[in-house]
Every structure is written in structure tokens, then in C-alpha cells.
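S.K.: File work-v5.txt below, compact mmCIF, C-alpha atoms:
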```
# COMPACT_ATOMS: atom_id res chain seq x y z
CA MET A 1 0.00 0.00 0.00
CA THR A 2 1.28 3.45 -0.97
CA PHE A 3 -0.04 6.98 -0.53
CA ARG A 4 -0.91 7.03 -4.23
CA ASP A 5 -3.03 3.93 -3.68
CA LEU A 6 -4.97 5.89 -1.06
CA GLY A 7 -5.72 8.65 -3.56
CA ILE A 8 -3.03 11.16 -2.63
CA ASP A 9 -1.82 13.31 -5.54
CA ASP A 10 1.57 12.64 -7.12
CA ASP A 11 3.15 15.92 -6.03
CA ILE A 12 2.32 15.27 -2.35
CA SER A 13 3.43 11.63 -2.58
CA ASP A 14 6.69 12.78 -4.18
CA ALA A 15 7.23 15.29 -1.36
CA LEU A 16 6.86 12.48 1.19
CA ALA A 17 9.10 10.11 -0.77
CA ALA A 18 11.83 12.77 -0.84
CA ARG A 19 11.86 12.52 2.97
CA GLY A 20 11.92 8.73 2.95
CA ILE A 21 8.20 8.36 3.74
CA HIS A 22 6.74 5.71 1.45
CA GLU A 23 4.22 3.49 3.24
CA PRO A 24 1.24 4.75 5.26
CA PHE A 25 0.51 3.73 8.85
CA PRO A 26 -2.81 2.05 9.76
CA ILE A 27 -4.45 5.27 10.96
CA GLN A 28 -3.52 6.88 7.64
CA GLU A 29 -4.83 3.97 5.59
CA GLN A 30 -8.18 4.17 7.33
CA THR A 31 -8.46 7.94 7.53
CA ILE A 32 -7.19 9.35 4.24
CA PRO A 33 -9.78 7.84 1.83
CA LEU A 34 -12.68 9.04 4.01
CA ALA A 35 -11.16 12.47 4.64
CA LEU A 36 -10.73 13.02 0.90
CA THR A 37 -14.53 12.73 0.53
CA GLY A 38 -15.16 15.43 3.16
CA GLN A 39 -16.41 13.02 5.81
CA ASP A 40 -16.16 14.28 9.40
CA ILE A 41 -13.83 11.97 11.32
CA ILE A 42 -12.97 11.10 14.90
CA GLY A 43 -9.58 9.41 14.68
CA GLN A 44 -8.30 7.43 17.63
CA ALA A 45 -4.82 5.97 17.69
CA LYS A 46 -1.87 5.69 20.03
CA THR A 47 0.66 8.47 20.02
CA GLY A 48 3.39 8.19 17.43
CA THR A 49 1.32 6.32 14.83
CA GLY A 50 1.10 9.03 12.16
CA LYS A 51 -2.08 10.96 12.92
CA THR A 52 -0.66 14.22 11.52
CA PHE A 53 -0.42 12.96 7.95
CA GLY A 54 -3.74 11.17 8.47
CA PHE A 55 -5.52 14.53 8.52
CA GLY A 56 -2.78 16.68 6.95
CA LEU A 57 -2.50 15.05 3.52
CA PRO A 58 -6.26 15.18 2.70
CA LEU A 59 -6.34 18.76 4.01
CA VAL A 60 -3.53 19.89 1.70
CA GLN A 61 -5.02 18.06 -1.29
CA LYS A 62 -8.50 19.52 -0.79
CA LEU A 63 -7.12 23.09 -0.79
CA GLY A 64 -5.77 22.54 -4.30
CA LEU A 65 -2.49 23.17 -6.08
CA ASP A 66 -2.70 26.96 -5.89
CA PRO A 67 -5.20 28.07 -3.25
CA ALA A 68 -6.18 31.72 -2.94
CA PRO A 69 -4.52 33.71 -0.15
CA GLY A 70 -6.24 33.67 3.24
CA VAL A 71 -6.94 31.21 6.03
CA LYS A 72 -8.70 28.14 4.63
CA ALA A 73 -7.64 25.49 7.14
CA LEU A 74 -7.23 25.66 10.91
CA ILE A 75 -5.34 23.04 12.95
CA VAL A 76 -5.66 23.53 16.71
CA VAL A 77 -3.07 21.90 18.99
CA PRO A 78 -2.55 22.03 22.78
CA THR A 79 1.12 22.98 23.09
CA ARG A 80 3.73 25.16 21.44
CA GLU A 81 6.03 22.22 20.80
CA LEU A 82 3.29 20.32 19.01
CA ALA A 83 2.48 23.42 16.95
CA VAL A 84 6.07 23.49 15.72
CA GLN A 85 6.06 19.75 14.96
CA VAL A 86 2.75 19.77 13.07
CA THR A 87 3.86 22.83 11.12
CA GLU A 88 7.01 21.03 10.02
CA ASP A 89 4.98 18.04 8.81
CA MET A 90 2.56 20.29 6.95
CA GLU A 91 5.45 22.10 5.28
CA ILE A 92 6.69 18.73 4.01
CA ALA A 93 3.27 17.95 2.54
CA THR A 94 3.01 21.36 0.84
CA SER A 95 6.60 21.58 -0.37
CA ASN A 96 5.59 21.05 -4.03
CA ARG A 97 2.66 23.46 -3.86
CA SER A 98 2.20 27.20 -3.41
CA THR A 99 0.27 26.59 -0.17
CA THR A 100 1.88 28.24 2.86
CA VAL A 101 1.68 27.29 6.53
CA ALA A 102 1.90 29.59 9.56
CA ALA A 103 2.51 28.53 13.16
CA ILE A 104 0.64 30.72 15.67
CA TYR A 105 1.49 30.21 19.34
CA GLY A 106 2.50 32.10 22.47
CA GLY A 107 5.98 32.81 23.72
CA LYS A 108 7.11 34.45 20.48
CA ALA A 109 6.74 37.98 19.13
CA TYR A 110 3.52 38.81 17.32
CA ASP A 111 5.14 40.56 14.35
CA GLU A 112 6.51 37.53 12.51
CA GLN A 113 3.29 35.57 12.96
CA VAL A 114 1.08 38.47 11.90
CA ASP A 115 3.27 39.04 8.83
CA LYS A 116 2.67 35.45 7.71
CA ILE A 117 -1.07 35.88 8.15
CA LYS A 118 -1.03 39.13 6.15
CA ALA A 119 1.07 37.42 3.47
CA GLY A 120 -1.86 35.06 2.86
CA ALA A 121 -1.04 31.83 4.68
CA GLN A 122 -3.76 29.28 3.90
CA ILE A 123 -3.05 26.80 6.71
CA ILE A 124 -2.84 27.96 10.32
CA VAL A 125 -1.45 25.69 13.04
CA GLY A 126 -1.90 27.20 16.47
CA THR A 127 -2.60 27.00 20.18
CA PRO A 128 -6.00 28.21 21.45
CA GLY A 129 -4.80 31.18 23.48
CA ARG A 130 -2.75 32.91 20.77
CA LEU A 131 -5.37 32.16 18.10
CA LEU A 132 -8.11 33.81 20.14
CA ASP A 133 -5.79 36.68 21.03
CA LEU A 134 -5.08 37.53 17.40
CA ALA A 135 -8.73 37.05 16.48
CA SER A 136 -9.82 39.50 19.20
CA GLN A 137 -7.42 42.08 17.74
CA LYS A 138 -8.95 41.57 14.28
CA LEU A 139 -5.58 40.32 13.01
CA LEU A 140 -6.85 36.83 12.25
CA SER A 141 -10.21 35.75 10.86
CA PHE A 142 -11.70 32.26 10.68
CA ALA A 143 -14.70 33.33 8.58
CA ASN A 144 -13.45 31.46 5.49
CA VAL A 145 -12.21 28.29 7.17
CA GLU A 146 -13.19 25.24 5.13
CA ILE A 147 -11.40 22.57 7.17
CA MET A 148 -10.84 22.48 10.93
CA VAL A 149 -8.77 19.92 12.80
CA LEU A 150 -8.53 19.43 16.54
CA ASP A 151 -5.34 17.47 17.30
CA GLU A 152 -4.57 15.77 20.63
CA ALA A 153 -8.05 16.56 21.90
CA ASP A 154 -7.61 14.71 25.18
CA ARG A 155 -4.61 16.88 25.98
CA MET A 156 -6.78 19.94 25.33
CA LEU A 157 -9.08 18.63 28.03
CA ASP A 158 -6.20 18.01 30.45
CA LEU A 159 -4.92 21.57 30.02
CA GLY A 160 -8.33 23.17 30.40
CA PHE A 161 -8.55 24.42 26.82
CA LEU A 162 -12.02 23.10 25.93
CA PRO A 163 -13.80 26.46 26.53
CA ASP A 164 -11.30 28.15 24.19
CA VAL A 165 -11.77 25.41 21.61
CA GLU A 166 -15.52 25.95 21.71
CA LYS A 167 -14.96 29.68 21.06
CA LEU A 168 -12.81 28.83 18.06
CA PHE A 169 -15.46 26.48 16.68
CA ALA A 170 -18.04 29.25 17.07
CA GLN A 171 -15.95 31.61 14.91
CA THR A 172 -15.76 29.18 11.98
CA PRO A 173 -18.51 28.56 9.41
CA ALA A 174 -21.13 25.97 10.38
CA LYS A 175 -20.54 24.17 7.08
CA ARG A 176 -16.98 22.97 7.30
CA HIS A 177 -15.05 19.72 7.19
CA THR A 178 -14.10 18.80 10.78
CA MET A 179 -11.65 16.19 12.00
CA LEU A 180 -10.82 15.38 15.61
CA PHE A 181 -7.84 13.25 16.59
CA SER A 182 -6.92 11.93 20.01
CA ALA A 183 -5.18 9.05 21.75
CA THR A 184 -8.05 8.57 24.22
CA MET A 185 -11.74 9.54 24.11
CA PRO A 186 -13.00 10.78 27.50
CA GLY A 187 -16.63 11.86 27.86
CA PRO A 188 -16.13 15.63 27.39
CA ILE A 189 -14.32 15.03 24.10
CA VAL A 190 -17.14 12.83 22.81
CA ALA A 191 -19.64 15.55 23.82
CA LEU A 192 -17.57 18.17 21.98
CA ALA A 193 -17.56 16.03 18.86
CA ARG A 194 -21.32 15.55 18.95
CA ARG A 195 -21.86 19.28 19.29
CA PHE A 196 -19.57 20.54 16.55
CA MET A 197 -19.30 17.66 14.07
CA SER A 198 -21.73 16.35 11.47
CA LYS A 199 -22.31 12.59 11.62
CA PRO A 200 -18.64 11.78 12.30
CA ILE A 201 -17.20 8.34 11.71
CA HIS A 202 -15.13 6.99 14.62
CA ILE A 203 -11.94 5.32 13.41
CA ARG A 204 -9.76 3.21 15.67
CA ALA A 205 -6.36 2.34 14.28
CA SER A 206 -5.80 -0.59 16.65
CA ASP A 207 -7.68 -3.66 17.70
CA PRO A 208 -10.14 -2.87 20.55
CA ASP A 209 -8.76 -5.79 22.58
CA GLU A 210 -5.19 -4.59 22.30
CA GLY A 211 -3.61 -3.43 25.56
CA LEU A 212 -3.30 0.25 26.31
CA THR A 213 0.48 0.16 26.37
CA GLN A 214 2.46 -0.50 23.22
CA ALA A 215 3.75 -4.05 22.97
CA ASN A 216 7.04 -2.86 21.46
CA ILE A 217 8.00 -0.94 24.61
CA LYS A 218 9.78 -2.67 27.51
CA HIS A 219 8.61 -1.25 30.86
CA VAL A 220 11.04 -1.30 33.79
CA ILE A 221 10.00 0.00 37.23
CA TYR A 222 12.53 0.80 39.94
CA ARG A 223 12.27 2.08 43.50
CA ALA A 224 15.42 4.20 43.56
CA HIS A 225 16.93 6.32 46.30
CA ASN A 226 16.71 10.02 45.51
CA LEU A 227 20.42 10.62 46.18
CA ASP A 228 21.39 7.75 43.87
CA LYS A 229 19.11 8.58 40.93
CA ASP A 230 21.66 10.62 39.00
CA GLU A 231 24.19 7.80 39.09
CA VAL A 232 21.52 5.30 38.04
CA VAL A 233 20.52 7.57 35.15
CA GLY A 234 24.17 7.97 34.15
CA ARG A 235 24.62 4.22 34.01
CA ILE A 236 21.42 3.77 31.99
CA LEU A 237 22.84 6.25 29.49
CA MET A 238 25.80 3.88 29.08
CA ALA A 239 23.54 1.02 27.91
CA THR A 240 24.46 -0.86 24.77
CA GLY A 241 22.58 0.52 21.76
CA ARG A 242 21.27 3.52 23.67
CA GLY A 243 20.18 6.24 21.27
CA LYS A 244 18.27 9.45 21.87
CA THR A 245 16.84 9.54 25.36
CA VAL A 246 14.07 11.61 26.93
CA ILE A 247 14.02 12.14 30.70
CA PHE A 248 10.84 13.48 32.29
CA THR A 249 10.74 15.39 35.56
CA ARG A 250 7.80 16.74 37.53
CA THR A 251 9.05 20.31 37.94
CA LYS A 252 10.96 22.88 35.93
CA ARG A 253 13.52 23.25 38.70
CA SER A 254 14.17 19.53 38.71
CA ALA A 255 14.59 19.54 34.92
CA SER A 256 17.27 22.22 35.20
CA LYS A 257 19.04 20.41 38.03
CA VAL A 258 19.13 17.06 36.22
CA THR A 259 20.38 18.74 33.05
CA GLU A 260 23.23 20.47 34.89
CA GLU A 261 24.19 17.20 36.58
CA LEU A 262 24.27 15.23 33.33
CA VAL A 263 26.23 17.91 31.50
CA ASP A 264 28.74 17.86 34.36
CA ARG A 265 28.99 14.09 33.89
CA GLY A 266 29.91 14.61 30.24
CA PHE A 267 26.60 13.84 28.50
CA ASN A 268 25.17 15.91 25.66
CA ALA A 269 22.04 16.95 27.53
CA VAL A 270 19.59 19.80 26.95
CA ALA A 271 16.46 20.89 28.83
CA VAL A 272 13.02 21.98 27.62
CA HIS A 273 10.64 23.45 30.19
CA GLY A 274 8.35 26.38 30.88
CA ASP A 275 10.89 28.71 32.51
CA MET A 276 12.88 28.85 29.27
CA SER A 277 12.11 31.34 26.52
CA GLN A 278 10.32 29.94 23.51
CA GLU A 279 13.41 30.53 21.37
CA ALA A 280 15.56 28.56 23.81
CA ARG A 281 13.03 25.72 23.89
CA GLU A 282 12.95 25.55 20.11
CA ARG A 283 16.75 25.58 19.90
CA GLY A 284 16.90 22.74 22.41
CA MET A 285 14.33 20.67 20.52
CA ALA A 286 16.08 21.35 17.21
CA ALA A 287 19.42 20.25 18.65
CA PHE A 288 17.83 17.05 19.98
CA LYS A 289 16.11 16.21 16.70
CA ALA A 290 19.30 16.88 14.74
CA GLY A 291 21.30 14.62 17.07
CA LYS A 292 23.58 17.38 18.36
CA LYS A 293 22.16 16.56 21.79
CA ASP A 294 21.13 13.00 22.55
CA VAL A 295 19.56 13.48 26.00
CA LEU A 296 16.50 15.70 26.44
CA ILE A 297 15.20 16.56 29.90
CA ALA A 298 11.63 17.81 29.82
CA THR A 299 8.55 18.50 31.88
CA ASP A 300 5.17 17.17 30.79
CA VAL A 301 4.38 20.41 28.94
CA ALA A 302 6.74 19.31 26.19
CA ALA A 303 5.67 15.67 25.98
CA ARG A 304 3.24 16.00 23.09
CA GLY A 305 5.70 17.95 20.96
CA ILE A 306 8.54 15.44 21.02
CA ASP A 307 7.95 13.69 17.72
CA VAL A 308 11.28 11.97 17.09
CA ASP A 309 11.27 8.47 15.64
CA ASP A 310 14.64 7.29 16.99
CA VAL A 311 14.16 7.75 20.74
CA THR A 312 15.31 4.48 22.30
CA HIS A 313 14.80 5.24 26.00
CA VAL A 314 12.36 7.21 28.12
CA ILE A 315 13.22 7.71 31.79
CA ASN A 316 10.59 8.92 34.23
CA TYR A 317 12.88 10.60 36.76
CA THR A 318 9.74 11.33 38.77
CA ILE A 319 6.49 9.38 38.48
CA PRO A 320 3.80 10.89 36.19
CA GLU A 321 0.58 12.19 37.69
CA ASP A 322 -1.69 9.48 36.25
CA ASP A 323 -2.01 6.72 33.68
CA LYS A 324 -2.70 9.15 30.83
CA ALA A 325 0.44 11.12 31.58
CA TYR A 326 2.38 7.84 31.71
CA LEU A 327 1.15 6.89 28.25
CA HIS A 328 1.99 10.32 26.88
CA ARG A 329 5.50 10.13 28.29
CA VAL A 330 6.45 6.60 27.28
CA GLY A 331 4.87 7.17 23.87
CA ARG A 332 7.98 9.19 22.95
CA THR A 333 9.79 5.87 22.36
CA GLY A 334 8.81 2.83 20.31
CA ARG A 335 7.55 5.06 17.50
CA ALA A 336 7.14 4.26 13.83
CA GLY A 337 7.38 0.53 14.47
CA ARG A 338 10.61 0.68 16.47
CA THR A 339 11.19 -0.82 19.90
CA GLY A 340 11.82 1.20 23.03
CA ILE A 341 12.54 1.05 26.75
CA ALA A 342 10.67 2.99 29.44
CA VAL A 343 12.27 3.23 32.89
CA THR A 344 10.25 4.68 35.77
CA PHE A 345 11.58 5.68 39.19
CA VAL A 346 9.02 5.34 41.97
CA ASP A 347 9.79 7.15 45.21
CA TRP A 348 8.65 5.67 48.51
CA ALA A 349 5.96 8.35 48.84
CA ASP A 350 4.59 7.53 45.36
CA LEU A 351 4.02 3.78 45.76
CA HIS A 352 0.27 4.28 46.10
CA LYS A 353 0.15 6.44 42.97
CA TRP A 354 2.10 3.85 41.02
CA ALA A 355 -0.34 1.15 42.15
CA LEU A 356 -3.18 3.15 40.59
CA ILE A 357 -1.26 3.70 37.35
CA SER A 358 -0.16 0.09 37.00
CA ARG A 359 -3.71 -1.20 37.57
CA ALA A 360 -5.18 1.23 35.03
CA LEU A 361 -2.66 0.19 32.38
CA ASP A 362 -2.60 -3.50 33.25
CA LEU A 363 1.07 -3.34 34.19
CA PRO A 364 1.45 -5.91 36.99
CA LEU A 365 4.84 -4.58 37.90
CA GLU A 366 6.04 -4.10 41.47
CA PRO A 367 8.86 -1.54 41.76
CA THR A 368 12.17 -3.30 42.30
CA GLU A 369 14.45 -1.72 44.91
CA THR A 370 17.39 -0.61 42.83
CA TYR A 371 20.73 1.08 43.41
CA SER A 372 23.41 2.12 40.93
CA SER A 373 25.38 -0.98 42.01
CA SER A 374 22.48 -3.45 41.72
CA PRO A 375 23.39 -6.36 39.37
CA HIS A 376 19.86 -6.46 37.90
CA LEU A 377 20.20 -2.85 36.70
CA PHE A 378 22.98 -3.93 34.34
CA THR A 379 21.21 -7.09 33.11
CA ASP A 380 17.76 -5.47 32.75
CA LEU A 381 19.02 -2.66 30.53
CA ASP A 382 22.03 -4.25 28.83
CA ILE A 383 24.56 -2.00 30.53
CA PRO A 384 28.17 -3.21 30.13
CA GLU A 385 29.58 -4.55 33.39
CA GLY A 386 31.74 -2.03 35.21
CA SER A 387 30.12 1.01 33.57
CA LYS A 388 30.00 4.16 35.65
CA GLY A 389 27.51 6.99 35.33
CA ARG A 390 30.06 9.49 34.12
CA LEU A 391 31.84 9.94 30.81
CA LYS A 392 35.51 10.90 30.71
CA ALA A 393 35.22 14.63 30.14
CA ALA A 394 38.42 16.31 28.95
CA SER A 395 37.25 19.64 30.32
CA ALA A 396 37.15 18.23 33.85
CA THR A 397 40.72 16.89 33.85
CA ALA A 398 42.73 19.17 31.55
CA PRO A 399 43.25 22.07 34.00
CA ARG A 400 44.69 19.76 36.67
CA ALA A 401 47.01 18.08 34.18
CA ASP A 402 48.36 21.41 32.90
CA LYS A 403 49.20 23.02 36.25
CA PRO A 404 52.38 21.06 37.17
CA ALA A 405 53.91 21.70 33.76
CA GLY A 406 52.78 25.32 33.63
CA ARG A 407 54.17 26.61 36.94
CA PRO A 408 57.88 25.92 36.30
CA ALA A 409 57.53 27.76 32.97
CA ARG A 410 56.17 30.83 34.74
CA GLN A 411 58.97 30.66 37.32
CA GLY A 412 61.60 30.96 34.59
CA SER A 413 60.03 34.13 33.27
CA PRO A 414 61.79 37.33 34.36
CA SER A 415 58.49 39.05 34.93
CA ASN A 416 56.99 36.36 37.19
CA SER A 417 58.52 35.39 40.54
CA SER A 418 55.96 32.73 41.55
CA THR A 419 57.28 29.28 42.40
CA SER A 420 55.98 25.83 41.60
CA SER A 421 54.83 23.43 44.29
CA ALA A 422 57.86 21.26 43.52
CA ASP A 423 60.26 24.13 44.32
CA LYS A 424 58.62 25.38 47.52
CA PRO A 425 60.81 23.43 49.98
CA ALA A 426 63.96 25.05 48.58
CA GLY A 427 62.39 28.44 48.05
CA ALA A 428 60.73 28.81 51.43
CA PRO A 429 63.89 29.80 53.40
CA ARG A 430 64.71 32.57 50.92
CA GLN A 431 61.17 33.95 51.29
CA ARG A 432 61.42 33.89 55.09
CA ASN A 433 64.82 35.58 55.03
CA ARG A 434 63.46 38.38 52.87
CA ARG A 435 60.61 38.94 55.31
CA ARG A 436 62.98 39.11 58.32
CA THR A 437 65.45 41.54 56.71
CA PRO A 438 63.47 44.77 57.30
CA SER A 439 63.04 44.03 61.03
CA SER A 440 66.63 43.08 61.79
```
Let's see the structure in the file written out as C-alpha cells.
M.R.:
Amino acid sequence: MTFRDLGIDDDISDALAARGIHEPFPIQEQTIPLALTGQDIIGQAKTGTGKTFGFGLPLVQKLGLDPAPGVKALIVVPTRELAVQVTEDMEIATSNRSTTVAAIYGGKAYDEQVDKIKAGAQIIVGTPGRLLDLASQKLLSFANVEIMVLDEADRMLDLGFLPDVEKLFAQTPAKRHTMLFSATMPGPIVALARRFMSKPIHIRASDPDEGLTQANIKHVIYRAHNLDKDEVVGRILMATGRGKTVIFTRTKRSASKVTEELVDRGFNAVAVHGDMSQEARERGMAAFKAGKKDVLIATDVAARGIDVDDVTHVINYTIPEDDKAYLHRVGRTGRAGRTGIAVTFVDWADLHKWALISRALDLPLEPTETYSSSPHLFTDLDIPEGSKGRLKAASATAPRADKPAGRPARQGSPSNSSTSSADKPAGAPRQRNRRRTPSS
């Protein structure tokens, strides 16, 4: 099965092929043919299974090869990071067309975003708050929207965005093509769909009897001592075959602390959290995607925007709030058919919370008491025997190595009378004699 077989135009299929994307995922196979007919769709699939192209390719094709300037399609997402990711995917799909895409989200200056709108961008990808803000200033209009997509709808609910989403729906024409995509379907999302969609078809990309957690992810649960966590993490990062790794923390402060610790240990780590400027967050994500940094430390706010296929490990440095947050976090690995490993640290105070999460996800796993020296840590995660949680960093040892050789050189200089540590025993009497001379 190819995208052409699903009815996608040659220019879009060629754009995907140029990026090495040839075969559609199940959610795409089921969604694209219906979406091309204008059918309203509720798409449900696990994270990382290709929902963006499931709605994005039909959307681009329906707008035509050379659409008139002005907003024709609106894609609403819950987070800034996801807005950036979806925009990148849409730019791939439109790369052989005149269609332009604009990302509209908070944390960045208005001017650049408004300029793209004024230039006639046809596809808008944005977060609810900034979209409504620009609309209230009459800088953005949804009056001519033909297609509206709500992506990661359950996350919208978690973040309290549903009232804003309803306001956005109200500003679009009643006759529009609407698609809603989500990993889970809680009651409020179903009610939203019934209110704003016309006879939607509910598509599930997986078998209803399939477990909630992905079968291609290995789940490892440890009860680790807080003072030993950094060393345990360092040793996990030494595992055989370890690729890009995402570490989740509960707070922004903890994310910064863990990042500093890992950088000090010699790892290429970068943080993404709410206390950073949007530009810094985007630079960090770009460095991680490009492989310049292979360890990303993030809070949950960034979880839905980390769309990187080659993440091999996810480490929950602190336990997630609930089973949904757990799924969102571990869904960063095992993507696009790959395998992955999810390691979760459970503190003593969080044992009850883990019991609730494990029951909800059918993970009959009791946390194993684990230290950085525990033999099972090495066997569980394929860590070479004898590995330590610190790389040999040249920057940490070079200054000490240079000092003994540098001091004698300075001593020989006419302009510098300092002595090396090796010469102090012989030099000390001369210094004492000089100090006694004035008083004698």
C-alpha cells in the first residue's frame, strides 16, 4: 500500500518520498480515503502512529495546487512544541505546492506571525490562546475556514482548553469539514464532537482488545533512592545501543538540576521546560532532533511535541501524575514501528500512585528496589559490566594536568617570581629571610 493507492496526488506523494516516507501507517490507511470525501472523522490511535499525515494530507489536497490567499484550514493543537512539529509536517506535505503554513502560538513575538497571516497563509497551526488573542485584535479571521482539525483533543481537556476550543469552533462557518484526533476519548471530548461535528465516523487504528500500552516498549519499574538517581541515570545512558533519550521530571527546577548534573557528567544533555524562553526551547528541541544533543530533559508540557522516531529510551525521573500522563510520556519511544525502553523511578511516597497507574494500564509490575550498584540494573538494561555513570570529560581533567607543567615555565620568566609546588621546599627559606630583613 502506498499513498498514491490511497488517492493522494503525485506531487504530495513525491514530497513524502523525498523525505523517505513511502508506506502509510494504519491510521492513515483508514483515515485518508474518508477524509478526501469530506467526511467528518474522529480518529483514535496511540501516540506516534502518524495521525498528523492522516488529517494533513487530505487537508492539503482539498485546498488545491494553488489556493487563494487567506486562512482556509485551521489546525488547533494544545502545546507550542506540538504546533512546531505539526507545522514542520505540513510544510513537508506542501513543499511542491504554493500553499503556505503559519505557526501561531504564544511565547514568540507577534510581528513575525502576523506578517505570515497578512502574506496570505492558507493553513494555520496554532494553540487556542494565541489564536483567540489575534482574532480578538482583528488580526486573524476564521470566517473562510473550510477545514478544521482538533489534534490531541484529550490533551486539550487536560490543560483546560475546551472552553477556548468551543470559542474557536463558534468563529468558523457551520458548514466545514471537521476532523478530531486523540489518543483517548474521555466523555467531554465525545460531547464536543457531537456538538460541533456532522455525523462523524469513529476510526480506531488498533484492535479494541489490544492493551493500552504499546507491545514494542519494555517497561522497567525501579524504586530508587533520591540521592542515587543521577548515578543510576548515568549508568542507563551507558547502555548498549542507547540512542536518543528523553528524561521526564515533575518540575521545571528539577529539569534544570538534572540537566546540569548530566552535563557535568559529560553527557550531551539539553532541557526543555516552561521557565525557558520559547526561542531557547525551540533551539533545544532542534538540537535534539538533529542529534547534536542525545539526551532531552523535559517537563510534561513538552511531551506532546517530542515527535522523534529514533528515541530508544524514556526515563521517568519522577512518576507521572496518572495513567494518561504515563502513556503520553512513554509514547515518545517505540515510535514508527521501532522498539523502546521505558524506565520509571518510583519514590517511597509515590508507591500508592504507582499502584493506581499500574492497575489502570494493566502493568502488573512491582517496583524493584534498585541502586546504581544493583546487578539487575545492568542485566535489565544491557549496561556493560563495570560502567560508571560518568563519561571521561576532557574539560574536567585538563586544567589539573596542565598546572604542574605550567608553573615551572612561569617561574623561569623574568616578569613572574611565583614558584611551583615542587620548588617550595627550597624556596621557602629565601622567602622567610626576605621577610625578616626589614626588622633586623
S.K.: One number please: atom CA of A:Thr184 to atom CA of A:Ala325, in Å, one decimal.
M.R.: 11.5 Å
S.K.: Do you know which residues are at most 6 Å from stretch 124-140 of chain A counting all atoms listed in the file, after dropping those on the same chain fewer than 5 positions away, and could you put them as an mmCIF file with C-alpha atoms, keeping the file's coordinate frame?
M.R.:
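Wrote it out as selection01.cif, contents follow:
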```cif
data_model
loop_
_atom_site.group_PDB
_atom_site.id
_atom_site.type_symbol
_atom_site.label_atom_id
_atom_site.label_comp_id
_atom_site.auth_asym_id
_atom_site.auth_seq_id
_atom_site.Cartn_x
_atom_site.Cartn_y
_atom_site.Cartn_z
ATOM 1 C CA LEU A 74 -7.230 25.660 10.910
ATOM 2 C CA ILE A 75 -5.340 23.040 12.950
ATOM 3 C CA VAL A 76 -5.660 23.530 16.710
ATOM 4 C CA VAL A 77 -3.070 21.900 18.990
ATOM 5 C CA PRO A 78 -2.550 22.030 22.780
ATOM 6 C CA ALA A 83 2.480 23.420 16.950
ATOM 7 C CA VAL A 101 1.680 27.290 6.530
ATOM 8 C CA ALA A 102 1.900 29.590 9.560
ATOM 9 C CA ALA A 103 2.510 28.530 13.160
ATOM 10 C CA ILE A 104 0.640 30.720 15.670
ATOM 11 C CA TYR A 105 1.490 30.210 19.340
ATOM 12 C CA GLY A 106 2.500 32.100 22.470
ATOM 13 C CA ASP A 164 -11.300 28.150 24.190
#
```
S.K.: Write out as a PyMOL selection string which residues come within 6 Å of stretch 38-53 of chain A when counting only C-alpha atoms, dropping same-chain ones fewer than 3 positions away.
M.R.: chain A and resi 34-35+56-57+177-183+200-205+331+335
S.K.: Mind checking which residues fall within 9 Å of stretch 108-110 of chain A, counting all atoms listed in the file, ignoring those fewer than 4 positions away in the same chain, and posting them as a list in words?
M.R.: Ile104, Val114, Asp115, Leu134, Ser277, Gln278 and Glu279 of chain A
S.K.: Between A:Leu82, A:Pro24, A:Gly7, A:Val232, which has the minimum distance to A:Pro375 (counting all atoms listed in the file)?
M.R.: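 Checking each candidate against A:Pro375, we get A:Val232 as the closest.
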S.K.: List the neighbours of A:Ala239 out to 10 Å using all atoms listed in the file; skip same-chain residues closer than 5 positions along the sequence, and give me the result as a ChimeraX atom specification.
M.R.: /A:234,313,378-385,387
S.K.: Every residue with an atom at most 9 Å from (-9.4, 25.7, 11.0) (file coordinates; all atoms listed in the file) is what I'm after, so could you write them as a ChimeraX atom specification?
M.R.: /A:71-76,123-125,142,144-150,168-169,172,176,178
S.K.: Hey, can you check how far atom CA of A:Ser98 sits from atom CA of A:Asp309?
M.R.: 28.2 Å
S.K.: Between atom CA of A:Lys218 and atom CA of A:Thr344, what is the distance, to one decimal in Å?
M.R.: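 Computed distance, atom CA of A:Lys218 to atom CA of A:Thr344, equals 11.1 Å.
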